[in-house]
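What's in query.pdb: PDB, C-alpha atoms
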```
ATOM      1  CA  MET A   1     -78.354 -53.744   4.871  1.00  0.00           C
ATOM      2  CA  SER A   2     -81.751 -52.073   4.790  1.00  0.00           C
ATOM      3  CA  PRO A   3     -83.456 -51.248   8.105  1.00  0.00           C
ATOM      4  CA  THR A   4     -86.246 -53.588   9.180  1.00  0.00           C
ATOM      5  CA  VAL A   5     -89.630 -52.188   8.274  1.00  0.00           C
ATOM      6  CA  GLU A   6     -92.265 -52.646  10.968  1.00  0.00           C
ATOM      7  CA  LYS A   7     -95.266 -54.622   9.801  1.00  0.00           C
ATOM      8  CA  LYS A   8     -98.742 -53.261  10.394  1.00  0.00           C
ATOM      9  CA  GLN A   9    -100.953 -54.676  13.141  1.00  0.00           C
ATOM     10  CA  CYS A  10    -102.063 -58.219  12.361  1.00  0.00           C
ATOM     11  CA  LEU A  11    -105.765 -58.870  11.990  1.00  0.00           C
ATOM     12  CA  TRP A  12    -105.525 -61.794  14.418  1.00  0.00           C
ATOM     13  CA  HIS A  13    -103.456 -59.999  17.094  1.00  0.00           C
ATOM     14  CA  ALA A  14    -105.919 -59.154  19.863  1.00  0.00           C
ATOM     15  CA  SER A  15    -105.477 -56.170  22.161  1.00  0.00           C
ATOM     16  CA  ASP A  16    -104.666 -58.518  25.086  1.00  0.00           C
ATOM     17  CA  GLY A  17    -101.716 -59.936  23.112  1.00  0.00           C
ATOM     18  CA  ARG A  18    -103.370 -63.208  22.134  1.00  0.00           C
ATOM     19  CA  CYS A  19    -103.550 -64.660  18.642  1.00  0.00           C
ATOM     20  CA  ALA A  20    -107.172 -65.013  17.533  1.00  0.00           C
ATOM     21  CA  SER A  21    -106.458 -67.300  14.592  1.00  0.00           C
ATOM     22  CA  CYS A  22    -107.517 -70.834  15.514  1.00  0.00           C
ATOM     23  CA  LYS A  23    -105.426 -72.216  12.642  1.00  0.00           C
ATOM     24  CA  ALA A  24    -102.300 -70.281  13.635  1.00  0.00           C
ATOM     25  CA  ARG A  25    -102.632 -71.326  17.271  1.00  0.00           C
ATOM     26  CA  ARG A  26    -102.910 -74.968  16.225  1.00  0.00           C
ATOM     27  CA  ILE A  27     -99.672 -74.740  14.226  1.00  0.00           C
ATOM     28  CA  ARG A  28     -97.899 -72.747  16.957  1.00  0.00           C
ATOM     29  CA  ASN A  29     -98.843 -75.460  19.442  1.00  0.00           C
ATOM     30  CA  ASP A  30     -98.360 -78.659  17.418  1.00  0.00           C
ATOM     31  CA  ILE A  31     -95.567 -77.706  15.082  1.00  0.00           C
ATOM     32  CA  LEU A  32     -93.591 -74.909  16.667  1.00  0.00           C
ATOM     33  CA  HIS A  33     -94.096 -76.282  20.200  1.00  0.00           C
ATOM     34  CA  LEU A  34     -94.481 -72.786  21.607  1.00  0.00           C
ATOM     35  CA  LYS A  35     -95.224 -72.906  25.313  1.00  0.00           C
ATOM     36  CA  ASP A  36     -97.329 -69.747  25.160  1.00  0.00           C
ATOM     37  CA  TYR A  37     -98.762 -70.647  21.780  1.00  0.00           C
ATOM     38  CA  GLU A  38    -101.766 -68.381  22.315  1.00  0.00           C
ATOM     39  CA  MET A  39     -99.626 -65.294  22.802  1.00  0.00           C
ATOM     40  CA  CYS A  40     -98.319 -63.328  19.842  1.00  0.00           C
ATOM     41  CA  ARG A  41     -95.117 -61.310  20.305  1.00  0.00           C
ATOM     42  CA  GLY A  42     -96.061 -58.873  17.584  1.00  0.00           C
ATOM     43  CA  GLN A  43     -93.270 -57.804  15.231  1.00  0.00           C
ATOM     44  CA  GLU A  44     -91.084 -60.694  16.357  1.00  0.00           C
ATOM     45  CA  ASP A  45     -93.736 -63.222  15.305  1.00  0.00           C
ATOM     46  CA  TYR A  46     -95.175 -61.306  12.366  1.00  0.00           C
ATOM     47  CA  VAL A  47     -92.056 -61.912  10.279  1.00  0.00           C
ATOM     48  CA  THR A  48     -92.236 -65.706  10.516  1.00  0.00           C
ATOM     49  CA  CYS A  49     -95.986 -66.288  10.751  1.00  0.00           C
ATOM     50  CA  ASP A  50     -97.675 -67.558   7.573  1.00  0.00           C
ATOM     51  CA  PHE A  51    -101.033 -66.560   9.025  1.00  0.00           C
ATOM     52  CA  TYR A  52    -100.113 -62.865   9.380  1.00  0.00           C
ATOM     53  CA  LYS A  53    -102.772 -60.691   7.773  1.00  0.00           C
ATOM     54  CA  VAL A  54    -102.866 -56.909   7.804  1.00  0.00           C
ATOM     55  CA  LYS A  55    -105.711 -55.593   9.912  1.00  0.00           C
ATOM     56  CA  PRO A  56    -107.951 -53.514   7.650  1.00  0.00           C
ATOM     57  CA  GLU A  57    -108.228 -49.883   8.644  1.00  0.00           C
ATOM     58  CA  VAL A  58    -111.713 -48.911   9.720  1.00  0.00           C
ATOM     59  CA  PRO A  59    -112.636 -45.427   8.486  1.00  0.00           C
ATOM     60  CA  LEU A  60    -113.388 -43.006  11.309  1.00  0.00           C
ATOM     61  CA  LYS A  61    -117.032 -42.093  11.720  1.00  0.00           C
ATOM     62  CA  LYS A  62    -117.815 -38.470  11.020  1.00  0.00           C
TER      63      LYS A  62
ATOM     64  CA  MET B   1    -137.224 -70.622  17.600  1.00  0.00           C
ATOM     65  CA  SER B   2    -133.847 -71.151  19.313  1.00  0.00           C
ATOM     66  CA  GLY B   3    -130.781 -69.195  18.238  1.00  0.00           C
ATOM     67  CA  VAL B   4    -129.220 -72.142  16.436  1.00  0.00           C
ATOM     68  CA  GLU B   5    -132.500 -73.086  14.728  1.00  0.00           C
ATOM     69  CA  GLU B   6    -132.814 -69.527  13.507  1.00  0.00           C
ATOM     70  CA  LEU B   7    -129.250 -69.700  12.206  1.00  0.00           C
ATOM     71  CA  ARG B   8    -130.001 -72.943  10.373  1.00  0.00           C
ATOM     72  CA  SER B   9    -132.963 -71.320   8.716  1.00  0.00           C
ATOM     73  CA  GLN B  10    -130.924 -68.237   7.742  1.00  0.00           C
ATOM     74  CA  LEU B  11    -128.140 -70.385   6.307  1.00  0.00           C
ATOM     75  CA  LYS B  12    -130.753 -71.836   3.947  1.00  0.00           C
ATOM     76  CA  SER B  13    -131.852 -68.388   2.789  1.00  0.00           C
ATOM     77  CA  SER B  14    -131.842 -67.624  -0.918  1.00  0.00           C
ATOM     78  CA  ARG B  15    -130.443 -64.177  -0.038  1.00  0.00           C
ATOM     79  CA  LYS B  16    -126.671 -64.170   0.089  1.00  0.00           C
ATOM     80  CA  GLU B  17    -126.531 -61.219   2.520  1.00  0.00           C
ATOM     81  CA  GLU B  18    -128.641 -63.149   5.007  1.00  0.00           C
ATOM     82  CA  ARG B  19    -126.449 -66.253   4.676  1.00  0.00           C
ATOM     83  CA  MET B  20    -123.263 -64.220   5.161  1.00  0.00           C
ATOM     84  CA  ALA B  21    -124.678 -62.511   8.262  1.00  0.00           C
ATOM     85  CA  ALA B  22    -125.656 -65.924   9.614  1.00  0.00           C
ATOM     86  CA  LEU B  23    -122.154 -67.271   8.956  1.00  0.00           C
ATOM     87  CA  GLU B  24    -120.650 -64.336  10.865  1.00  0.00           C
ATOM     88  CA  ARG B  25    -122.896 -65.033  13.845  1.00  0.00           C
ATOM     89  CA  LEU B  26    -122.098 -68.724  13.580  1.00  0.00           C
ATOM     90  CA  HIS B  27    -118.353 -67.957  13.796  1.00  0.00           C
ATOM     91  CA  ILE B  28    -118.905 -66.113  17.075  1.00  0.00           C
ATOM     92  CA  LEU B  29    -120.977 -68.980  18.501  1.00  0.00           C
ATOM     93  CA  LEU B  30    -118.374 -71.520  17.391  1.00  0.00           C
ATOM     94  CA  ARG B  31    -115.612 -69.613  19.180  1.00  0.00           C
ATOM     95  CA  GLU B  32    -117.777 -69.838  22.297  1.00  0.00           C
ATOM     96  CA  LYS B  33    -118.426 -73.558  21.628  1.00  0.00           C
ATOM     97  CA  GLU B  34    -122.159 -73.006  21.573  1.00  0.00           C
ATOM     98  CA  VAL B  35    -123.027 -74.886  18.384  1.00  0.00           C
ATOM     99  CA  GLY B  36    -123.546 -78.610  17.888  1.00  0.00           C
ATOM    100  CA  SER B  37    -123.746 -80.958  14.938  1.00  0.00           C
ATOM    101  CA  SER B  38    -127.275 -79.909  13.932  1.00  0.00           C
ATOM    102  CA  ILE B  39    -125.752 -77.167  11.794  1.00  0.00           C
ATOM    103  CA  LEU B  40    -123.678 -79.613   9.686  1.00  0.00           C
ATOM    104  CA  PRO B  41    -126.250 -80.346   6.921  1.00  0.00           C
ATOM    105  CA  GLN B  42    -126.547 -76.621   6.106  1.00  0.00           C
ATOM    106  CA  LEU B  43    -122.788 -76.180   6.176  1.00  0.00           C
ATOM    107  CA  ALA B  44    -122.326 -79.169   3.883  1.00  0.00           C
ATOM    108  CA  GLU B  45    -124.543 -77.477   1.309  1.00  0.00           C
ATOM    109  CA  LEU B  46    -122.805 -74.118   1.616  1.00  0.00           C
ATOM    110  CA  LEU B  47    -119.392 -75.690   1.004  1.00  0.00           C
ATOM    111  CA  ALA B  48    -120.467 -75.713  -2.638  1.00  0.00           C
ATOM    112  CA  ALA B  49    -121.350 -71.991  -2.703  1.00  0.00           C
ATOM    113  CA  SER B  50    -120.207 -70.134  -5.804  1.00  0.00           C
ATOM    114  CA  ASP B  51    -118.764 -67.218  -3.809  1.00  0.00           C
ATOM    115  CA  PRO B  52    -115.266 -67.985  -2.471  1.00  0.00           C
ATOM    116  CA  ILE B  53    -115.839 -65.818   0.640  1.00  0.00           C
ATOM    117  CA  GLU B  54    -118.886 -67.899   1.492  1.00  0.00           C
ATOM    118  CA  ARG B  55    -116.858 -71.087   0.961  1.00  0.00           C
ATOM    119  CA  ARG B  56    -114.067 -69.656   3.155  1.00  0.00           C
ATOM    120  CA  MET B  57    -116.462 -68.862   5.972  1.00  0.00           C
ATOM    121  CA  THR B  58    -118.227 -72.207   5.705  1.00  0.00           C
ATOM    122  CA  SER B  59    -115.069 -74.306   5.539  1.00  0.00           C
ATOM    123  CA  TRP B  60    -113.690 -72.416   8.566  1.00  0.00           C
ATOM    124  CA  ALA B  61    -116.917 -73.194  10.443  1.00  0.00           C
ATOM    125  CA  VAL B  62    -116.578 -76.907   9.642  1.00  0.00           C
ATOM    126  CA  GLY B  63    -112.944 -76.827  10.805  1.00  0.00           C
ATOM    127  CA  LYS B  64    -113.897 -75.084  14.026  1.00  0.00           C
ATOM    128  CA  LEU B  65    -116.693 -77.587  14.727  1.00  0.00           C
ATOM    129  CA  ALA B  66    -114.133 -80.349  14.250  1.00  0.00           C
ATOM    130  CA  GLN B  67    -111.668 -78.551  16.528  1.00  0.00           C
ATOM    131  CA  ASN B  68    -114.420 -78.273  19.141  1.00  0.00           C
ATOM    132  CA  LYS B  69    -114.656 -82.082  18.833  1.00  0.00           C
ATOM    133  CA  VAL B  70    -118.334 -81.962  17.938  1.00  0.00           C
ATOM    134  CA  LYS B  71    -119.417 -85.436  16.856  1.00  0.00           C
ATOM    135  CA  GLY B  72    -121.510 -85.689  13.711  1.00  0.00           C
ATOM    136  CA  GLU B  73    -121.813 -86.561  10.047  1.00  0.00           C
ATOM    137  CA  TYR B  74    -119.041 -84.491   8.476  1.00  0.00           C
ATOM    138  CA  PRO B  75    -119.004 -83.985   4.708  1.00  0.00           C
ATOM    139  CA  LEU B  76    -115.667 -85.732   4.188  1.00  0.00           C
ATOM    140  CA  PRO B  77    -115.893 -86.117   0.365  1.00  0.00           C
ATOM    141  CA  LYS B  78    -116.768 -82.424   0.007  1.00  0.00           C
ATOM    142  CA  LEU B  79    -113.849 -81.397   2.205  1.00  0.00           C
ATOM    143  CA  ILE B  80    -111.509 -83.548   0.119  1.00  0.00           C
ATOM    144  CA  GLU B  81    -112.904 -81.906  -3.018  1.00  0.00           C
ATOM    145  CA  LEU B  82    -112.225 -78.467  -1.522  1.00  0.00           C
ATOM    146  CA  LEU B  83    -108.535 -79.306  -1.169  1.00  0.00           C
ATOM    147  CA  MET B  84    -108.455 -78.540  -4.902  1.00  0.00           C
ATOM    148  CA  ASP B  85    -110.495 -75.300  -4.639  1.00  0.00           C
ATOM    149  CA  ASP B  86    -109.407 -72.261  -6.651  1.00  0.00           C
ATOM    150  CA  ASP B  87    -109.206 -70.180  -3.478  1.00  0.00           C
ATOM    151  CA  GLU B  88    -106.139 -70.674  -1.258  1.00  0.00           C
ATOM    152  CA  GLU B  89    -107.929 -69.968   2.013  1.00  0.00           C
ATOM    153  CA  VAL B  90    -110.589 -72.548   1.183  1.00  0.00           C
ATOM    154  CA  ARG B  91    -107.848 -75.121   0.462  1.00  0.00           C
ATOM    155  CA  GLU B  92    -106.167 -74.245   3.747  1.00  0.00           C
ATOM    156  CA  ASN B  93    -109.440 -74.447   5.699  1.00  0.00           C
ATOM    157  CA  ALA B  94    -110.310 -77.801   4.141  1.00  0.00           C
ATOM    158  CA  ALA B  95    -106.899 -79.211   5.102  1.00  0.00           C
ATOM    159  CA  TRP B  96    -107.271 -77.767   8.600  1.00  0.00           C
ATOM    160  CA  ALA B  97    -110.754 -79.295   8.995  1.00  0.00           C
ATOM    161  CA  LEU B  98    -109.471 -82.705   7.874  1.00  0.00           C
ATOM    162  CA  GLY B  99    -106.578 -82.447  10.326  1.00  0.00           C
ATOM    163  CA  GLU B 100    -108.883 -81.485  13.184  1.00  0.00           C
ATOM    164  CA  LEU B 101    -111.267 -84.357  12.348  1.00  0.00           C
ATOM    165  CA  THR B 102    -108.532 -86.884  13.040  1.00  0.00           C
ATOM    166  CA  SER B 103    -109.021 -86.108  16.761  1.00  0.00           C
ATOM    167  CA  SER B 104    -112.506 -87.609  16.440  1.00  0.00           C
ATOM    168  CA  GLY B 105    -111.205 -90.652  14.583  1.00  0.00           C
ATOM    169  CA  ILE B 106    -112.434 -89.370  11.217  1.00  0.00           C
ATOM    170  CA  GLY B 107    -110.267 -89.576   8.111  1.00  0.00           C
ATOM    171  CA  ASP B 108    -109.193 -91.957   5.387  1.00  0.00           C
ATOM    172  CA  GLU B 109    -106.540 -92.690   2.800  1.00  0.00           C
ATOM    173  CA  GLY B 110    -108.574 -90.884   0.131  1.00  0.00           C
ATOM    174  CA  GLU B 111    -107.252 -87.588   1.499  1.00  0.00           C
ATOM    175  CA  ILE B 112    -103.594 -88.334   0.943  1.00  0.00           C
ATOM    176  CA  ARG B 113    -103.340 -87.831  -2.815  1.00  0.00           C
ATOM    177  CA  SER B 114    -104.809 -84.296  -2.678  1.00  0.00           C
ATOM    178  CA  LEU B 115    -102.814 -83.385   0.425  1.00  0.00           C
ATOM    179  CA  ASN B 116     -99.644 -84.457  -1.401  1.00  0.00           C
ATOM    180  CA  VAL B 117    -100.559 -82.080  -4.228  1.00  0.00           C
ATOM    181  CA  LEU B 118    -101.002 -79.260  -1.700  1.00  0.00           C
ATOM    182  CA  LEU B 119     -97.449 -79.784  -0.460  1.00  0.00           C
ATOM    183  CA  GLU B 120     -96.468 -77.975  -3.684  1.00  0.00           C
ATOM    184  CA  ASP B 121     -99.039 -75.192  -3.302  1.00  0.00           C
ATOM    185  CA  PRO B 122     -97.734 -71.666  -4.046  1.00  0.00           C
ATOM    186  CA  HIS B 123     -99.087 -70.432  -0.685  1.00  0.00           C
ATOM    187  CA  PRO B 124     -96.986 -71.331   2.364  1.00  0.00           C
ATOM    188  CA  GLN B 125     -99.958 -71.468   4.742  1.00  0.00           C
ATOM    189  CA  VAL B 126    -101.501 -74.128   2.494  1.00  0.00           C
ATOM    190  CA  ARG B 127     -98.272 -76.173   2.212  1.00  0.00           C
ATOM    191  CA  GLY B 128     -97.800 -76.031   5.973  1.00  0.00           C
ATOM    192  CA  MET B 129    -101.373 -77.006   6.736  1.00  0.00           C
ATOM    193  CA  ALA B 130    -101.253 -79.922   4.284  1.00  0.00           C
ATOM    194  CA  ALA B 131     -98.075 -81.222   5.928  1.00  0.00           C
ATOM    195  CA  TRP B 132     -99.619 -80.829   9.378  1.00  0.00           C
ATOM    196  CA  THR B 133    -102.715 -82.770   8.276  1.00  0.00           C
ATOM    197  CA  LEU B 134    -100.577 -85.582   6.865  1.00  0.00           C
ATOM    198  CA  GLY B 135     -98.807 -85.680  10.219  1.00  0.00           C
ATOM    199  CA  ARG B 136    -102.106 -85.799  12.082  1.00  0.00           C
ATOM    200  CA  LEU B 137    -103.420 -88.625   9.879  1.00  0.00           C
ATOM    201  CA  ALA B 138    -100.327 -90.635  10.742  1.00  0.00           C
ATOM    202  CA  GLU B 139    -100.313 -89.695  14.416  1.00  0.00           C
ATOM    203  CA  ARG B 140    -103.991 -90.054  15.216  1.00  0.00           C
ATOM    204  CA  LEU B 141    -105.221 -92.633  12.721  1.00  0.00           C
ATOM    205  CA  GLY B 142    -102.081 -94.516  11.702  1.00  0.00           C
ATOM    206  CA  ILE B 143    -102.741 -93.575   8.062  1.00  0.00           C
ATOM    207  CA  GLY B 144    -100.021 -92.616   5.623  1.00  0.00           C
ATOM    208  CA  HIS B 145     -98.410 -93.437   2.319  1.00  0.00           C
ATOM    209  CA  TYR B 146     -94.912 -93.527   0.880  1.00  0.00           C
ATOM    210  CA  SER B 147     -95.968 -91.072  -1.847  1.00  0.00           C
ATOM    211  CA  SER B 148     -95.884 -88.262   0.751  1.00  0.00           C
ATOM    212  CA  LEU B 149     -92.220 -88.790   1.591  1.00  0.00           C
ATOM    213  CA  GLN B 150     -90.562 -87.143  -1.412  1.00  0.00           C
ATOM    214  CA  PRO B 151     -92.627 -83.913  -1.387  1.00  0.00           C
ATOM    215  CA  LEU B 152     -92.253 -83.679   2.397  1.00  0.00           C
ATOM    216  CA  HIS B 153     -88.475 -84.046   2.128  1.00  0.00           C
ATOM    217  CA  LEU B 154     -88.449 -81.206  -0.412  1.00  0.00           C
ATOM    218  CA  LEU B 155     -90.263 -78.999   2.114  1.00  0.00           C
ATOM    219  CA  LEU B 156     -87.370 -79.343   4.538  1.00  0.00           C
ATOM    220  CA  GLU B 157     -85.702 -76.653   2.393  1.00  0.00           C
ATOM    221  CA  ASP B 158     -88.805 -74.423   2.230  1.00  0.00           C
ATOM    222  CA  ASN B 159     -88.461 -70.678   2.804  1.00  0.00           C
ATOM    223  CA  SER B 160     -91.150 -70.759   5.480  1.00  0.00           C
ATOM    224  CA  LEU B 161     -90.240 -71.833   9.009  1.00  0.00           C
ATOM    225  CA  ASN B 162     -93.785 -73.129   9.625  1.00  0.00           C
ATOM    226  CA  VAL B 163     -93.635 -75.240   6.489  1.00  0.00           C
ATOM    227  CA  ARG B 164     -90.210 -76.705   7.321  1.00  0.00           C
ATOM    228  CA  ARG B 165     -91.327 -77.584  10.848  1.00  0.00           C
ATOM    229  CA  SER B 166     -94.649 -78.984   9.578  1.00  0.00           C
ATOM    230  CA  ALA B 167     -92.729 -81.251   7.201  1.00  0.00           C
ATOM    231  CA  ILE B 168     -90.555 -82.482  10.080  1.00  0.00           C
ATOM    232  CA  TYR B 169     -93.696 -83.123  12.146  1.00  0.00           C
ATOM    233  CA  ALA B 170     -95.276 -85.152   9.321  1.00  0.00           C
ATOM    234  CA  LEU B 171     -92.108 -87.118   8.547  1.00  0.00           C
ATOM    235  CA  ASP B 172     -91.630 -87.955  12.228  1.00  0.00           C
ATOM    236  CA  HIS B 173     -95.160 -89.313  12.573  1.00  0.00           C
ATOM    237  CA  LEU B 174     -95.012 -91.208   9.280  1.00  0.00           C
ATOM    238  CA  SER B 175     -91.779 -92.769  10.449  1.00  0.00           C
ATOM    239  CA  VAL B 176     -93.462 -93.955  13.656  1.00  0.00           C
ATOM    240  CA  ILE B 177     -96.011 -95.931  11.602  1.00  0.00           C
ATOM    241  CA  GLY B 178     -93.219 -97.434   9.496  1.00  0.00           C
ATOM    242  CA  ILE B 179     -93.387 -95.098   6.510  1.00  0.00           C
ATOM    243  CA  LYS B 180     -89.856 -93.842   6.022  1.00  0.00           C
ATOM    244  CA  SER B 181     -87.238 -93.612   3.336  1.00  0.00           C
ATOM    245  CA  GLU B 182     -85.224 -96.708   2.632  1.00  0.00           C
ATOM    246  CA  PRO B 183     -81.606 -96.113   3.581  1.00  0.00           C
ATOM    247  CA  GLN B 184     -79.415 -95.627   0.520  1.00  0.00           C
ATOM    248  CA  LYS B 185     -77.676 -98.891  -0.321  1.00  0.00           C
ATOM    249  CA  LEU B 186     -74.049 -98.629  -1.279  1.00  0.00           C
ATOM    250  CA  PRO B 187     -73.247-100.137  -4.707  1.00  0.00           C
ATOM    251  CA  LYS B 188     -71.329-103.401  -4.516  1.00  0.00           C
TER     252      LYS B 188
END
```
Would you mind writing the structure in this file as structure tokens?
Amino acid sequence: MSPTVEKKQCLWHASDGRCASCKARRIRNDILHLKDYEMCRGQEDYVTCDFYKVKPEVPLKK
Amino acid sequence: MSGVEELRSQLKSSRKEERMAALERLHILLREKEVGSSILPQLAELLAASDPIERRMTSWAVGKLAQNKVKGEYPLPKLIELLMDDDEEVRENAAWALGELTSSGIGDEGEIRSLNVLLEDPHPQVRGMAAWTLGRLAERLGIGHYSSLQPLHLLLEDNSLNVRRSAIYALDHLSVIGIKSEPQKLPK
């Protein structure tokens, strides 16, 4: 079995741990019945979330 | 000129850069629930923009207005048309907007045929959102049709957890309004 590869930071995963995708939060609340539907658990949620989107890297200013 | 009036004027601009900048500002205001229905006529026009990014941003804005439960004249036929858009995020946003509108009592049977088609969309986020919207139509408005049952049953075997659960959600709510599979009759 191959080791699990960590996914990059999701675009919608805010620094305070919340999910910023209004569509994802709606599904997490209505469909998945997650009590803390606003909170994203990172890697654990990234693998099952259809709304996961890689956060684009911002080039460092010179 | 107030902030929203200025936005309305910028959304009408012939310059795409100005419209895109206005849409970005509008998204921020919508997240803060600081925009009302006066912006809807401009958004209705921009739903037909040729650039898919502009259509994505506009359809998201309509969905967010609906989620904020802003009352107004929503461009329902245009949203239904966008369910068949070439761009997957636009299709997803249109389905989301239609699902959110059910909270305000807006929606009709004309949505069902296109939503059924989306249940077979190659993108899981679109399939899931279409199933959720069918569930919302049944739950909030008591609207549904038997033609959704077969594609929804197929989604119970979908690779995506969200899609499988969305299908269960839709089937449950359709069942409540009396739309459910006939039990298999045993041959005599």
Would you write out, as an MDAnalysis selection string, every residue that the PyMOL selection byres ((chain B) within 12 of (chain A)) captures in this file? chainID B and resid 27:28 30:31 60:61 63:68 89 92:97 99:100 123:133 135:136 139 159:173
Apply the PyMOL selection byres ((chain A and resi 56) around 12) to the file shown and report the selected residues as number ranges by chain. A: 8-12, 53-55, 57-59
Run the PyMOL selection byres ((chain B and resi 9) around 12) on the file and write out the hits as a list in words.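 After applying the PyMOL selection byres ((chain B and resi 9) around 12), what remains is Met1, Ser2, Gly3, Val4, Glu5, Glu6, Leu7, Arg8, Gln10, Leu11, Lys12, Ser13, Ser14, Arg15, Glu18, Arg19, Ala22, Leu23, Ser38, Ile39, Pro41, Gln42 and Leu43 of chain B.
Atom CA of Thr102 of chain B lies 20.0 Å from atom CA of Leu149 of chain B.
For the pair atom CA of Arg113 of chain B and atom CA of Gly178 of chain B, the separation is 18.6 Å.
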Excluding same-chain residues fewer than 5 positions from segment 16-19 of chain A, what lies within 7 Å of it counting only C-alpha atoms, as a PyMOL selection string? chain A and resi 25+38-40
Atomic separation - atom CA of Val62 of chain B relative to atom CA of Ser37 of chain B, Å: 9.8 Å
For Leu40 of chain B, which residue among B:Val70, B:Leu98, B:Met20, B:Val176 is the nearest when counting all atoms listed in the file?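 Result for the nearest residue to Leu40 of chain B: B:Val70.
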Near Gly107 of chain B, counting only C-alpha atoms, which residues have an atom at most 8 Å away, once you skip same-chain residues fewer than 4 positions from it, shown as a ChimeraX atom specification? /B:76,98,101-102,111,137,141
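Distance check against Ile143 of chain B using all atoms listed in the file: of B:Gly36, B:Asp86, B:Asp108, B:Ser103, the minimum falls on B:Asp108.
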Got a minute to add N, CA and C atoms to segment 122-136 of chain B and dump it as a CSV table (one decimal), keeping the file's coordinate frame?
```
chain,number,residue,atom,x,y,z
B,122,PRO,N,-98.5,-72.9,-4.1
B,122,PRO,CA,-97.7,-71.7,-4.0
B,122,PRO,C,-97.9,-70.9,-2.7
B,123,HIS,N,-98.9,-71.2,-1.9
B,123,HIS,CA,-99.1,-70.4,-0.7
B,123,HIS,C,-98.5,-71.2,0.5
B,124,PRO,N,-97.6,-70.6,1.3
B,124,PRO,CA,-97.0,-71.3,2.4
B,124,PRO,C,-98.0,-71.8,3.4
B,125,GLN,N,-99.0,-71.0,3.7
B,125,GLN,CA,-100.0,-71.5,4.7
B,125,GLN,C,-100.7,-72.7,4.3
B,126,VAL,N,-100.8,-72.9,3.0
B,126,VAL,CA,-101.5,-74.1,2.5
B,126,VAL,C,-100.5,-75.3,2.6
B,127,ARG,N,-99.3,-75.1,2.1
B,127,ARG,CA,-98.3,-76.2,2.2
B,127,ARG,C,-98.1,-76.7,3.7
B,128,GLY,N,-98.0,-75.7,4.6
B,128,GLY,CA,-97.8,-76.0,6.0
B,128,GLY,C,-99.0,-76.8,6.5
B,129,MET,N,-100.2,-76.3,6.2
B,129,MET,CA,-101.4,-77.0,6.7
B,129,MET,C,-101.5,-78.4,6.2
B,130,ALA,N,-101.2,-78.6,4.9
B,130,ALA,CA,-101.3,-79.9,4.3
B,130,ALA,C,-100.3,-80.9,5.0
B,131,ALA,N,-99.1,-80.4,5.2
B,131,ALA,CA,-98.1,-81.2,5.9
B,131,ALA,C,-98.6,-81.6,7.3
B,132,TRP,N,-99.1,-80.6,8.0
B,132,TRP,CA,-99.6,-80.8,9.4
B,132,TRP,C,-100.7,-81.9,9.3
B,133,THR,N,-101.6,-81.8,8.4
B,133,THR,CA,-102.7,-82.8,8.3
B,133,THR,C,-102.2,-84.2,8.0
B,134,LEU,N,-101.2,-84.3,7.1
B,134,LEU,CA,-100.6,-85.6,6.9
B,134,LEU,C,-100.0,-86.1,8.2
B,135,GLY,N,-99.4,-85.3,8.9
B,135,GLY,CA,-98.8,-85.7,10.2
B,135,GLY,C,-99.9,-86.1,11.2
B,136,ARG,N,-101.0,-85.4,11.2
B,136,ARG,CA,-102.1,-85.8,12.1
B,136,ARG,C,-102.7,-87.1,11.7
```
